[in-house]
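Peer 1: PDB, C-alpha atoms, saved as entry.pdb, coming up:
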```
ATOM      1  CA  MET A   1     118.211 131.916  75.623
ATOM      2  CA  THR A   2     116.277 132.494  72.398
ATOM      3  CA  ASN A   3     118.011 135.849  71.920
ATOM      4  CA  LEU A   4     121.374 134.099  72.127
ATOM      5  CA  ARG A   5     120.317 131.649  69.414
ATOM      6  CA  LYS A   6     119.224 134.468  67.131
ATOM      7  CA  GLU A   7     122.493 136.320  67.704
ATOM      8  CA  LEU A   8     124.516 133.155  67.083
ATOM      9  CA  GLU A   9     122.662 132.597  63.804
ATOM     10  CA  LYS A  10     123.608 136.127  62.707
ATOM     11  CA  CYS A  11     127.319 135.468  63.283
ATOM     12  CA  LYS A  12     129.143 134.775  60.048
ATOM     13  CA  HIS A  13     132.244 132.951  61.210
ATOM     14  CA  PRO A  14     132.291 130.214  63.904
ATOM     15  CA  ASN A  15     135.635 131.384  65.339
ATOM     16  CA  SER A  16     134.867 135.104  65.486
ATOM     17  CA  ARG A  17     135.229 137.001  68.753
ATOM     18  CA  LYS A  18     131.495 137.704  68.852
ATOM     19  CA  THR A  19     130.644 134.019  68.435
ATOM     20  CA  LYS A  20     133.030 133.038  71.220
ATOM     21  CA  ALA A  21     131.598 135.745  73.522
ATOM     22  CA  LEU A  22     128.046 134.545  72.838
ATOM     23  CA  GLY A  23     129.104 130.946  73.528
ATOM     24  CA  LYS A  24     130.643 132.028  76.829
ATOM     25  CA  LYS A  25     127.446 133.903  77.736
ATOM     26  CA  ALA A  26     125.348 130.827  76.905
ATOM     27  CA  ARG A  27     127.545 128.572  79.062
ATOM     28  CA  ARG A  28     127.301 131.040  81.967
ATOM     29  CA  GLN A  29     123.487 131.076  81.742
ATOM     30  CA  ASN A  30     123.423 127.291  81.550
ATOM     31  CA  ASN A  31     125.597 126.986  84.663
ATOM     32  CA  LYS A  32     123.370 129.432  86.580
ATOM     33  CA  HIS A  33     120.361 127.345  85.611
ATOM     34  CA  LYS A  34     122.059 124.153  86.846
ATOM     35  CA  VAL A  35     122.835 125.775  90.207
ATOM     36  CA  ARG A  36     119.220 126.939  90.587
ATOM     37  CA  LEU A  37     117.999 123.463  89.716
ATOM     38  CA  GLY A  38     120.300 121.937  92.352
ATOM     39  CA  HIS A  39     118.878 124.237  95.032
ATOM     40  CA  ALA A  40     115.338 123.333  93.977
ATOM     41  CA  ILE A  41     116.077 119.611  94.234
ATOM     42  CA  LYS A  42     117.593 120.041  97.699
ATOM     43  CA  SER A  43     114.558 122.066  98.828
ATOM     44  CA  ASN A  44     112.199 119.381  97.523
ATOM     45  CA  ILE A  45     114.060 116.618  99.359
ATOM     46  CA  MET A  46     114.117 118.623 102.592
ATOM     47  CA  GLY A  47     110.411 119.425 102.139
ATOM     48  CA  GLU A  48     109.581 115.722 101.797
ATOM     49  CA  LYS A  49     111.612 114.929 104.919
ATOM     50  CA  LEU A  50     109.901 117.648 106.979
ATOM     51  CA  THR A  51     106.485 116.582 105.676
ATOM     52  CA  TRP A  52     107.194 113.029 106.838
ATOM     53  CA  PHE A  53     108.117 114.228 110.339
ATOM     54  CA  LEU A  54     105.105 116.554 110.478
ATOM     55  CA  GLY A  55     102.827 113.678 109.477
ATOM     56  CA  HIS A  56     104.167 111.419 112.226
ATOM     57  CA  ILE A  57     103.707 113.896 115.074
ATOM     58  CA  ALA A  58     100.274 113.913 116.680
ATOM     59  CA  GLU A  59      98.252 116.891 115.419
ATOM     60  CA  GLU A  60      97.027 117.932 118.848
ATOM     61  CA  ARG A  61     100.540 117.882 120.324
ATOM     62  CA  THR A  62     101.859 121.307 121.303
ATOM     63  CA  ALA A  63     104.599 120.279 123.745
ATOM     64  CA  PRO A  64     108.042 119.619 122.259
ATOM     65  CA  LEU A  65     109.231 116.051 121.869
ATOM     66  CA  SER A  66     111.440 114.539 124.509
ATOM     67  CA  PRO A  67     114.880 113.449 123.274
ATOM     68  CA  GLN A  68     113.805 109.786 123.575
ATOM     69  CA  GLU A  69     110.650 110.397 121.512
ATOM     70  CA  PHE A  70     112.663 112.279 118.900
ATOM     71  CA  GLU A  71     115.198 109.434 118.764
ATOM     72  CA  ASP A  72     112.370 106.909 118.289
ATOM     73  CA  LEU A  73     110.878 109.084 115.528
ATOM     74  CA  ILE A  74     114.224 109.230 113.714
ATOM     75  CA  ALA A  75     114.580 105.437 114.048
ATOM     76  CA  LEU A  76     111.121 105.099 112.490
ATOM     77  CA  TYR A  77     112.195 107.506 109.721
ATOM     78  CA  LEU A  78     115.239 105.359 108.973
ATOM     79  CA  GLN A  79     112.966 102.293 108.676
ATOM     80  CA  ARG A  80     110.476 103.897 106.275
ATOM     81  CA  PHE A  81     111.603 101.795 103.282
ATOM     82  CA  ASP A  82     111.676  98.409 105.046
ATOM     83  CA  GLU A  83     108.341  97.296 103.576
ATOM     84  CA  GLU A  84     109.390  98.240 100.038
ATOM     85  CA  LEU A  85     112.740  96.443 100.445
ATOM     86  CA  ALA A  86     110.885  93.329 101.640
ATOM     87  CA  GLN A  87     108.629  93.469  98.561
ATOM     88  CA  ILE A  88     111.652  93.765  96.267
ATOM     89  CA  ALA A  89     113.362  90.828  97.994
ATOM     90  CA  LEU A  90     110.199  88.759  97.603
ATOM     91  CA  LYS A  91     109.937  89.546  93.881
ATOM     92  CA  GLN A  92     113.603  88.721  93.366
ATOM     93  CA  SER A  93     113.300  85.379  95.154
ATOM     94  CA  ILE A  94     110.360  84.150  93.044
ATOM     95  CA  GLY A  95     111.833  83.469  89.637
ATOM     96  CA  LYS A  96     115.170  82.920  87.953
ATOM     97  CA  HIS A  97     114.939  85.899  85.625
ATOM     98  CA  ARG A  98     113.647  88.320  88.240
ATOM     99  CA  ALA A  99     116.880  88.499  90.211
ATOM    100  CA  ASN A 100     117.738  91.880  88.710
ATOM    101  CA  GLN A 101     114.209  93.268  88.652
ATOM    102  CA  HIS A 102     113.935  96.476  90.715
ATOM    103  CA  ALA A 103     117.686  96.346  91.425
ATOM    104  CA  ALA A 104     118.085 100.044  90.631
ATOM    105  CA  ARG A 105     115.350 101.065  93.082
ATOM    106  CA  LYS A 106     116.821  98.784  95.752
ATOM    107  CA  ASP A 107     120.260 100.332  95.249
ATOM    108  CA  VAL A 108     118.873 103.860  95.521
ATOM    109  CA  ILE A 109     117.037 102.997  98.736
ATOM    110  CA  THR A 110     120.031 101.279 100.348
ATOM    111  CA  ILE A 111     122.393 104.117  99.414
ATOM    112  CA  THR A 112     119.953 106.725 100.749
ATOM    113  CA  LEU A 113     119.415 104.870 104.023
ATOM    114  CA  GLU A 114     123.135 104.251 104.493
ATOM    115  CA  LYS A 115     123.886 107.932 103.901
ATOM    116  CA  GLU A 116     121.175 109.061 106.335
ATOM    117  CA  ARG A 117     122.301 106.587 109.027
ATOM    118  CA  ASN A 118     125.908 107.749 108.683
ATOM    119  CA  GLU A 119     124.828 111.377 108.922
ATOM    120  CA  TYR A 120     122.737 110.667 112.026
ATOM    121  CA  GLN A 121     125.473 108.659 113.751
ATOM    122  CA  SER A 122     128.310 111.077 112.964
ATOM    123  CA  GLY A 123     127.852 114.777 112.130
ATOM    124  CA  GLY A 124     124.087 115.021 112.132
ATOM    125  CA  MET A 125     121.070 115.064 109.844
ATOM    126  CA  GLU A 126     119.795 118.430 108.706
ATOM    127  CA  LEU A 127     116.446 118.693 110.509
ATOM    128  CA  LEU A 128     114.434 120.892 112.803
ATOM    129  CA  ASN A 129     115.200 120.198 116.451
ATOM    130  CA  LEU A 130     111.748 119.061 117.562
ATOM    131  CA  CYS A 131     112.852 119.088 121.211
ATOM    132  CA  ASP A 132     112.772 122.891 120.969
ATOM    133  CA  PRO A 133     109.252 124.380 121.369
ATOM    134  CA  LEU A 134     109.943 127.241 118.928
ATOM    135  CA  LYS A 135     111.152 124.875 116.192
ATOM    136  CA  LEU A 136     108.122 122.611 116.692
ATOM    137  CA  LYS A 137     105.849 125.645 116.333
ATOM    138  CA  MET A 138     107.729 126.647 113.156
ATOM    139  CA  LEU A 139     107.128 123.159 111.736
ATOM    140  CA  ARG A 140     103.435 123.335 112.651
ATOM    141  CA  ASP A 141     103.114 126.779 110.994
ATOM    142  CA  TRP A 142     105.026 125.688 107.879
ATOM    143  CA  ASP A 143     102.810 125.752 104.788
ATOM    144  CA  GLY A 144     104.374 122.614 103.278
ATOM    145  CA  SER A 145     105.908 124.233 100.203
ATOM    146  CA  ALA A 146     109.469 123.529  99.140
ATOM    147  CA  LEU A 147     110.051 127.244  98.543
ATOM    148  CA  SER A 148     109.480 128.136 102.196
ATOM    149  CA  VAL A 149     111.899 125.469 103.465
ATOM    150  CA  GLN A 150     114.702 128.009 103.175
ATOM    151  CA  HIS A 151     113.006 130.171 105.833
ATOM    152  CA  LEU A 152     113.153 127.395 108.439
ATOM    153  CA  LYS A 153     116.184 127.354 110.738
ATOM    154  CA  LEU A 154     117.503 123.798 110.422
ATOM    155  CA  ASP A 155     119.868 122.143 112.895
ATOM    156  CA  LEU A 156     122.210 119.184 112.643
ATOM    157  CA  VAL A 157     120.474 116.511 114.706
ATOM    158  CA  SER A 158     122.739 113.621 115.658
ATOM    159  CA  HIS A 159     122.645 110.667 118.008
ATOM    160  CA  ASN A 160     125.231 112.329 120.265
ATOM    161  CA  MET A 161     123.202 115.546 120.451
ATOM    162  CA  LEU A 162     120.101 113.631 121.563
ATOM    163  CA  GLN A 163     122.138 111.768 124.187
ATOM    164  CA  ARG A 164     123.394 115.117 125.558
ATOM    165  CA  LEU A 165     119.822 116.424 125.683
ATOM    166  CA  LYS A 166     118.761 113.297 127.588
ATOM    167  CA  LYS A 167     121.531 113.838 130.152
ATOM    168  CA  GLN A 168     120.576 117.495 130.568
ATOM    169  CA  GLY A 169     116.930 116.524 131.063
ATOM    170  CA  GLU A 170     117.872 113.950 133.702
ATOM    171  CA  GLU A 171     120.078 116.487 135.519
ATOM    172  CA  VAL A 172     117.242 119.028 135.556
ATOM    173  CA  LYS A 173     114.811 116.428 136.918
ATOM    174  CA  SER A 174     117.239 115.322 139.616
ATOM    175  CA  SER A 175     117.959 118.919 140.659
ATOM    176  CA  LYS A 176     114.208 119.687 140.848
ATOM    177  CA  ALA A 177     113.664 116.558 142.945
ATOM    178  CA  GLY A 178     116.483 117.690 145.256
ATOM    179  CA  GLU A 179     114.887 121.144 145.633
ATOM    180  CA  LYS A 180     111.519 119.610 146.513
ATOM    181  CA  MET A 181     113.106 117.460 149.211
ATOM    182  CA  GLU A 182     114.843 120.506 150.732
ATOM    183  CA  THR A 183     111.665 122.587 150.864
ATOM    184  CA  ALA A 184     109.618 119.782 152.428
TER     185      ALA A 184
END
```
Can you present the structure in this file as structure tokens?
Peer 2:
Amino acid sequence: MTNLRKELEKCKHPNSRKTKALGKKARRQNNKHKVRLGHAIKSNIMGEKLTWFLGHIAEERTAPLSPQEFEDLIALYLQRFDEELAQIALKQSIGKHRANQHAARKDVITITLEKERNEYQSGGMELLNLCDPLKLKMLRDWDGSALSVQHLKLDLVSHNMLQRLKKQGEEVKSSKAGEKMETA
């Protein structure tokens, strides 16, 4: 970027072809930087989400989560800001002039939670499927850095997917119970 500035300073006329080419090159570099920054932000957000899930799974647990446990964990994840929202509501109810205090933070939280709930109820949240033993092991082995998030194979986890997994688990249990009765 500093080389571009030096070259632009050398240019005599602002509308020369060289000046326009250098401006185009500078814009291209700026756009590349913006794209890289966007990927870094997304990796940081995903890293925070995975860290939260890793922190709420028992450390000694090696067996994958059941669909019901995973559903309960996601419900707990969607309620993670309830205490902060209650504090904001309390501060806003105290005085006349505090009605707008922390309004921006409250808006960010409500928008984030609404977006995550909609994702979970419809298409799915981008997460590791913790019902899969390999994915749980990957999460356990993850070093916690945002750079290594891209190496994790993420799935779209939705309410419907967990319901299907529950049904499959019940069918497997019922078929195993039927096999035991036949052998006895």
Peer 1: I'd like to know which of A:Pro64, A:Gly95, A:Gly144, A:Gly169 is closest to Lys49 (chain A), using only C-alpha atoms.
Peer 2: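 Comparing A:Pro64, A:Gly95, A:Gly144, A:Gly169 against Lys49 (chain A), the winner is A:Gly144.
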Peer 1: Which of these residues is nearest to Gln79 (chain A), using all atoms listed in the file: A:Leu54, A:Met125, A:Cys11, A:Leu113?
Peer 2: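 Closest candidate: A:Leu113.
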Peer 1: Find the residues around region 26-42 of chain A up to 9 Å (all atoms listed in the file counted), leave out those fewer than 3 positions away in its own chain, and share them as a list in words.
Peer 2: Met1, Leu4, Ala21, Leu22, Gly23, Ile45, Met46, Gly47, Ala146 and Leu147 of chain A
Peer 1: Write the residues of the selection above to a file with C-alpha atoms, as a PDB file, in the frame of the given file.
Peer 2:
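Full text of selection_9.pdb as output:
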```
ATOM      1  CA  MET A   1     118.211 131.916  75.623  1.00  0.00           C
ATOM      2  CA  LEU A   4     121.374 134.099  72.127  1.00  0.00           C
ATOM      3  CA  ALA A  21     131.598 135.745  73.522  1.00  0.00           C
ATOM      4  CA  LEU A  22     128.046 134.545  72.838  1.00  0.00           C
ATOM      5  CA  GLY A  23     129.104 130.946  73.528  1.00  0.00           C
ATOM      6  CA  ILE A  45     114.060 116.618  99.359  1.00  0.00           C
ATOM      7  CA  MET A  46     114.117 118.623 102.592  1.00  0.00           C
ATOM      8  CA  GLY A  47     110.411 119.425 102.139  1.00  0.00           C
ATOM      9  CA  ALA A 146     109.469 123.529  99.140  1.00  0.00           C
ATOM     10  CA  LEU A 147     110.051 127.244  98.543  1.00  0.00           C
TER      11      LEU A 147
END
```
Peer 1: Between CA of Leu156 (chain A) and CA of Phe53 (chain A), what is the spacing in Å?
Peer 2: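 CA of Phe53 (chain A) sits 15.1 Å away from CA of Leu156 (chain A).
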Peer 1: At a cut-off of 8 Å, using all atoms listed in the file, what residues contact region 136-140 of chain A? Leave out same-chain residues fewer than 4 positions from it and give the result as a PyMOL selection string.
Peer 2: chain A and resi 50+54+62+64+128-132+152
Peer 1: Take the residues from that selection and put them in a file with C-alpha atoms, as a PDB file, keeping the file's coordinate frame.
Peer 2:
```pdb
ATOM      1  CA  LEU A  50     109.901 117.648 106.979  1.00  0.00           C
ATOM      2  CA  LEU A  54     105.105 116.554 110.478  1.00  0.00           C
ATOM      3  CA  THR A  62     101.859 121.307 121.303  1.00  0.00           C
ATOM      4  CA  PRO A  64     108.042 119.619 122.259  1.00  0.00           C
ATOM      5  CA  LEU A 128     114.434 120.892 112.803  1.00  0.00           C
ATOM      6  CA  ASN A 129     115.200 120.198 116.451  1.00  0.00           C
ATOM      7  CA  LEU A 130     111.748 119.061 117.562  1.00  0.00           C
ATOM      8  CA  CYS A 131     112.852 119.088 121.211  1.00  0.00           C
ATOM      9  CA  ASP A 132     112.772 122.891 120.969  1.00  0.00           C
ATOM     10  CA  LEU A 152     113.153 127.395 108.439  1.00  0.00           C
TER      11      LEU A 152
END
```
Peer 1: CA of Ser158 (chain A) to CA of Gly123 (chain A): how many Å, to one decimal?
Peer 2: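 The value is 6.3 Å.
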Peer 1: Given the file shown, determine the residues that the PyMOL selection byres ((chain A and resi 85) around 12) selects; report them as a count of residues only.
Peer 2: 23
Peer 1: What is the CA of Ile111 (chain A)-CA of Lys96 (chain A) distance in Å, reported with one decimal?
Peer 2: 25.2 Å
Peer 1: Decode the PyMOL selection byres ((chain A and resi 70) around 10) for the given file into explicit residues and return them as number ranges by chain.
Peer 2: A: 53, 57, 64-69, 71-76, 129-131, 157, 162
Peer 1: Any chance you could model N, CA, C and O atoms for region 11-28 of chain A and send them as a PDB file, in the coordinates of the input?
Peer 2:
```pdb
ATOM      1  N   CYS A  11     125.863 135.466  63.382  1.00  0.00           N
ATOM      2  CA  CYS A  11     127.319 135.468  63.283  1.00  0.00           C
ATOM      3  C   CYS A  11     127.752 134.729  62.016  1.00  0.00           C
ATOM      4  O   CYS A  11     127.266 133.643  61.712  1.00  0.00           O
ATOM      5  N   LYS A  12     128.696 135.324  61.330  1.00  0.00           N
ATOM      6  CA  LYS A  12     129.143 134.775  60.048  1.00  0.00           C
ATOM      7  C   LYS A  12     130.182 133.671  60.209  1.00  0.00           C
ATOM      8  O   LYS A  12     130.114 132.639  59.583  1.00  0.00           O
ATOM      9  N   HIS A  13     131.132 133.898  61.087  1.00  0.00           N
ATOM     10  CA  HIS A  13     132.244 132.951  61.210  1.00  0.00           C
ATOM     11  C   HIS A  13     132.196 132.268  62.577  1.00  0.00           C
ATOM     12  O   HIS A  13     132.000 132.922  63.602  1.00  0.00           O
ATOM     13  N   PRO A  14     132.388 130.925  62.624  1.00  0.00           N
ATOM     14  CA  PRO A  14     132.291 130.214  63.904  1.00  0.00           C
ATOM     15  C   PRO A  14     133.406 130.563  64.896  1.00  0.00           C
ATOM     16  O   PRO A  14     133.242 130.362  66.096  1.00  0.00           O
ATOM     17  N   ASN A  15     134.532 131.070  64.428  1.00  0.00           N
ATOM     18  CA  ASN A  15     135.635 131.384  65.339  1.00  0.00           C
ATOM     19  C   ASN A  15     135.786 132.881  65.597  1.00  0.00           C
ATOM     20  O   ASN A  15     136.807 133.314  66.113  1.00  0.00           O
ATOM     21  N   SER A  16     134.763 133.663  65.271  1.00  0.00           N
ATOM     22  CA  SER A  16     134.867 135.104  65.486  1.00  0.00           C
ATOM     23  C   SER A  16     134.785 135.414  66.980  1.00  0.00           C
ATOM     24  O   SER A  16     134.302 134.611  67.781  1.00  0.00           O
ATOM     25  N   ARG A  17     135.252 136.602  67.349  1.00  0.00           N
ATOM     26  CA  ARG A  17     135.229 137.001  68.753  1.00  0.00           C
ATOM     27  C   ARG A  17     133.795 137.090  69.271  1.00  0.00           C
ATOM     28  O   ARG A  17     133.513 136.721  70.403  1.00  0.00           O
ATOM     29  N   LYS A  18     132.890 137.576  68.441  1.00  0.00           N
ATOM     30  CA  LYS A  18     131.495 137.704  68.852  1.00  0.00           C
ATOM     31  C   LYS A  18     130.878 136.328  69.102  1.00  0.00           C
ATOM     32  O   LYS A  18     130.147 136.130  70.081  1.00  0.00           O
ATOM     33  N   THR A  19     131.169 135.373  68.254  1.00  0.00           N
ATOM     34  CA  THR A  19     130.644 134.019  68.435  1.00  0.00           C
ATOM     35  C   THR A  19     131.168 133.402  69.720  1.00  0.00           C
ATOM     36  O   THR A  19     130.413 132.782  70.477  1.00  0.00           O
ATOM     37  N   LYS A  20     132.444 133.580  69.987  1.00  0.00           N
ATOM     38  CA  LYS A  20     133.030 133.038  71.220  1.00  0.00           C
ATOM     39  C   LYS A  20     132.415 133.703  72.450  1.00  0.00           C
ATOM     40  O   LYS A  20     132.140 133.039  73.454  1.00  0.00           O
ATOM     41  N   ALA A  21     132.198 135.029  72.387  1.00  0.00           N
ATOM     42  CA  ALA A  21     131.598 135.745  73.522  1.00  0.00           C
ATOM     43  C   ALA A  21     130.169 135.256  73.765  1.00  0.00           C
ATOM     44  O   ALA A  21     129.749 135.072  74.916  1.00  0.00           O
ATOM     45  N   LEU A  22     129.412 135.043  72.693  1.00  0.00           N
ATOM     46  CA  LEU A  22     128.046 134.545  72.838  1.00  0.00           C
ATOM     47  C   LEU A  22     128.031 133.120  73.394  1.00  0.00           C
ATOM     48  O   LEU A  22     127.173 132.758  74.204  1.00  0.00           O
ATOM     49  N   GLY A  23     128.990 132.305  72.982  1.00  0.00           N
ATOM     50  CA  GLY A  23     129.104 130.946  73.528  1.00  0.00           C
ATOM     51  C   GLY A  23     129.403 130.973  75.015  1.00  0.00           C
ATOM     52  O   GLY A  23     128.846 130.202  75.794  1.00  0.00           O
ATOM     53  N   LYS A  24     130.291 131.884  75.405  1.00  0.00           N
ATOM     54  CA  LYS A  24     130.643 132.028  76.829  1.00  0.00           C
ATOM     55  C   LYS A  24     129.422 132.475  77.630  1.00  0.00           C
ATOM     56  O   LYS A  24     129.157 131.969  78.724  1.00  0.00           O
ATOM     57  N   LYS A  25     128.648 133.423  77.066  1.00  0.00           N
ATOM     58  CA  LYS A  25     127.446 133.903  77.736  1.00  0.00           C
ATOM     59  C   LYS A  25     126.419 132.771  77.882  1.00  0.00           C
ATOM     60  O   LYS A  25     125.775 132.630  78.931  1.00  0.00           O
ATOM     61  N   ALA A  26     126.284 131.950  76.861  1.00  0.00           N
ATOM     62  CA  ALA A  26     125.348 130.827  76.905  1.00  0.00           C
ATOM     63  C   ALA A  26     125.764 129.806  77.965  1.00  0.00           C
ATOM     64  O   ALA A  26     124.925 129.289  78.710  1.00  0.00           O
ATOM     65  N   ARG A  27     127.062 129.510  78.044  1.00  0.00           N
ATOM     66  CA  ARG A  27     127.545 128.572  79.062  1.00  0.00           C
ATOM     67  C   ARG A  27     127.294 129.120  80.466  1.00  0.00           C
ATOM     68  O   ARG A  27     126.912 128.370  81.365  1.00  0.00           O
ATOM     69  N   ARG A  28     127.516 130.430  80.663  1.00  0.00           N
ATOM     70  CA  ARG A  28     127.301 131.040  81.967  1.00  0.00           C
ATOM     71  C   ARG A  28     125.831 130.926  82.374  1.00  0.00           C
ATOM     72  O   ARG A  28     125.525 130.576  83.514  1.00  0.00           O
TER      73      ARG A  28
END
```
